[in-house]
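So the structure is just underneath, and the comments pick up after that.
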Amino acid sequence: MTDVKKLLNKVPEITIYFWIIKILCTTVGETAADYLNMALGFGLTNTTYVMGAILIAFLVAQFRMKKYNPSNYWMVVVLLSVVGTLITDNLSDNLGVPLITSTIGFSIALAITFFIWYKSEKTLSIHSIRTSRRESFYWLAILFTFALGTAGGDLVAEKFAIGYFPSALIFAGIIAAITFAHYKLKLNAVLAFWLAYILTRPLGASIGDFMSQATSDGGLNLGTIGTSVIFLTAIACLVIYISFSRVDSPGPLKPEMVAVDEEDDMV
């Protein structure tokens with residue numbers, strides 16, 4: 001039998017730190033994209049090209065790594081958050097695609113990604129991201145969750161005129177309900193994870209908009225740069241902590257997952 005200890009995951013264990021940093025990353029994705037686009041005057045197209053190129057560089061580094069590296073992993077998540085936001089913004093602002101159309105489109109794209117991933121790998125669990133193919137599906141799914149979350153969050157907060165703070169409360173409440181359903185009602189762990197992961201994006205985006213936008217628009221008027229600095233600093237501190245403490249380092253795969261992997265390897 002394959003040595004379990006050698007089967008190292010390239011993604012972190014799902015701890016409270018994972019969810020905190022994930023929400024912080026989604027907030028930065030919203031505010032950083034707005035800052036580069038508007039405050040610095042880069043424009044959507046140029047900002048997308050620059051951030052896309054940086055993302056590709058870090059993704060290449062990520063794929064070359066043999067195990068989970070906190071700093072590079074979370075940098076990729078931050079960049080995916082920014083690029084995902086920019087993709088949705090380009091569709092809305094440059095191409096005039098309605099938010100509801102973007103939301104439906106990215107939902108379909110994400111569903112197709114999950115379908116092909118499952119048909120190919122027989123699992124959607126993030127506890128077995130140890131091959132380039134699985135990692136490709138993983139990052140593609142995350143990109144679509146960010147783009148979908150941006151479209152869905154903007155649709156709820158702006159087009160439905162609910163407001164940023166109420167929107168954040170709504171998304172937080174839904175995530176809490178999913179958590180309750182998982183721990184108390186035995187909702188499937190993989191399904192619960194991906195539902196919560198998708199919803200952290202509009203949650204973080206709503207928080208970012210609430211903090212950065214003017215008070216006349218229902219925000220705290222901290223500005224995009226102020227909000228970005230606050231959350232980037234928090235992310236950096238947490239990543240430094242988990243890098244040294246290794247509290248989120250992935251452990252060995254579970255025996256049942258090893259069996260699945262071995263069957264896949266023989267195909």
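Residues are named by chain letter and number: chains run A, B, ... in the order of the structure tokens, numbers start at 1 in each chain, and ligands are numbered from 1 in the order shown.
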Quick one: which range 79-187 of chain A residues come within 8 Å of range 31-47 of chain A, and what is the nearest atom pair for each with the distance in Å to one decimal, counting only C-alpha atoms, rows ordered by chain and ascending number, as a Markdown table?
```
| residue | atom | partner | partner_atom | distance |
| --- | --- | --- | --- | --- |
| A:Val82 | CA | A:Ala33 | CA | 5.6 |
| A:Val83 | CA | A:Ala33 | CA | 7.8 |
| A:Thr85 | CA | A:Ala33 | CA | 6.9 |
| A:Leu86 | CA | A:Ala33 | CA | 6.5 |
| A:Asp89 | CA | A:Leu44 | CA | 7.6 |
| A:Asn90 | CA | A:Leu44 | CA | 6.5 |
```
Fill in: All helix (DSSP H, G or I) positions in range 72-235 of chain A, as a VMD selection string
chain A and resid 72 to 94 99 to 121 126 to 128 132 to 159 164 to 185 189 to 212 215 to 217 223 to 235
Taking only C-alpha atoms into account, produce a table as a Markdown table in which each residue of range 56-105 of chain A with an atom at most 7 Å from an atom of range 141-147 of chain A appears once, together with its shortest atom pair and the distance in Å to one decimal, ordered by chain and rising number.
```
| residue | atom | partner | partner_atom | distance |
| --- | --- | --- | --- | --- |
| A:Leu80 | CA | A:Leu143 | CA | 5.8 |
| A:Ser81 | CA | A:Phe146 | CA | 5.6 |
| A:Gly84 | CA | A:Ala147 | CA | 4.3 |
| A:Thr85 | CA | A:Ala147 | CA | 5.6 |
| A:Ile87 | CA | A:Ala147 | CA | 6.6 |
| A:Thr88 | CA | A:Ala147 | CA | 5.7 |
```
Worksheet entry | Contact residues around Trp74 in chain A with only C-alpha atoms at 10 Å, ignoring same-chain residues under 6 positions, as JSON, numbers by chain | {"A": [11, 12, 18, 21, 22, 25, 80, 235, 236, 239]}
Would you output that residue set with C-alpha atoms, as a PDB file, in the first residue's frame?
```pdb
ATOM      1  CA  VAL A  11      -3.882  23.043   0.249  1.00  0.00           C
ATOM      2  CA  PRO A  12      -4.249  23.841   3.965  1.00  0.00           C
ATOM      3  CA  PHE A  18      -8.575  29.242   6.733  1.00  0.00           C
ATOM      4  CA  ILE A  21      -7.956  34.566   5.797  1.00  0.00           C
ATOM      5  CA  LYS A  22     -10.343  33.575   2.987  1.00  0.00           C
ATOM      6  CA  CYS A  25      -8.721  37.835   0.808  1.00  0.00           C
ATOM      7  CA  LEU A  80      -7.562  35.151  -7.859  1.00  0.00           C
ATOM      8  CA  ILE A 235      -3.605  38.650   6.010  1.00  0.00           C
ATOM      9  CA  ALA A 236       0.182  39.065   6.263  1.00  0.00           C
ATOM     10  CA  VAL A 239       0.039  33.980   7.145  1.00  0.00           C
TER      11      VAL A 239
END
```
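Using only C-alpha atoms, the smallest distance between any of A:Gln213, A:Lys10, A:Ala192, A:Thr200 and Tyr138 in chain A comes from A:Lys10.
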Discussion item. I want to know what sits within 8 Å of range 215-223 of chain A, based on only C-alpha atoms, with residues of the same chain fewer than 3 positions away left out; could you give that as a PyMOL selection string?
Written reply: chain A and resi 163-165+209-212+226-227
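Relative to CA of Gly149 in chain A, CA of Tyr68 in chain A is found at 25.3 Å.
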Discussion item. Can you measure CA of Phe137 in chain A to CA of Val190 in chain A for me? One decimal in Å is fine.
Written reply: 14.8 Å
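Pairwise distance (CA of Phe58 in chain A, CA of Val78 in chain A) equals 10.7 Å.
Across A:Ser206, A:Ser125, A:Thr103, A:Asn9, the tightest approach to Trp194 in chain A is made by A:Ser125 when counting only C-alpha atoms.
Comparing the minimum interatomic distances between Glu135 in chain A and each of A:Ile207, A:Phe106, A:Leu148, A:Leu59, counting only C-alpha atoms, we find that A:Leu59 sits nearest.
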Fill in: Test item: residues at most 9 Å from Leu199 in chain A, only C-alpha atoms, excluding those fewer than 4 positions along its chain, as a count of residues only
11
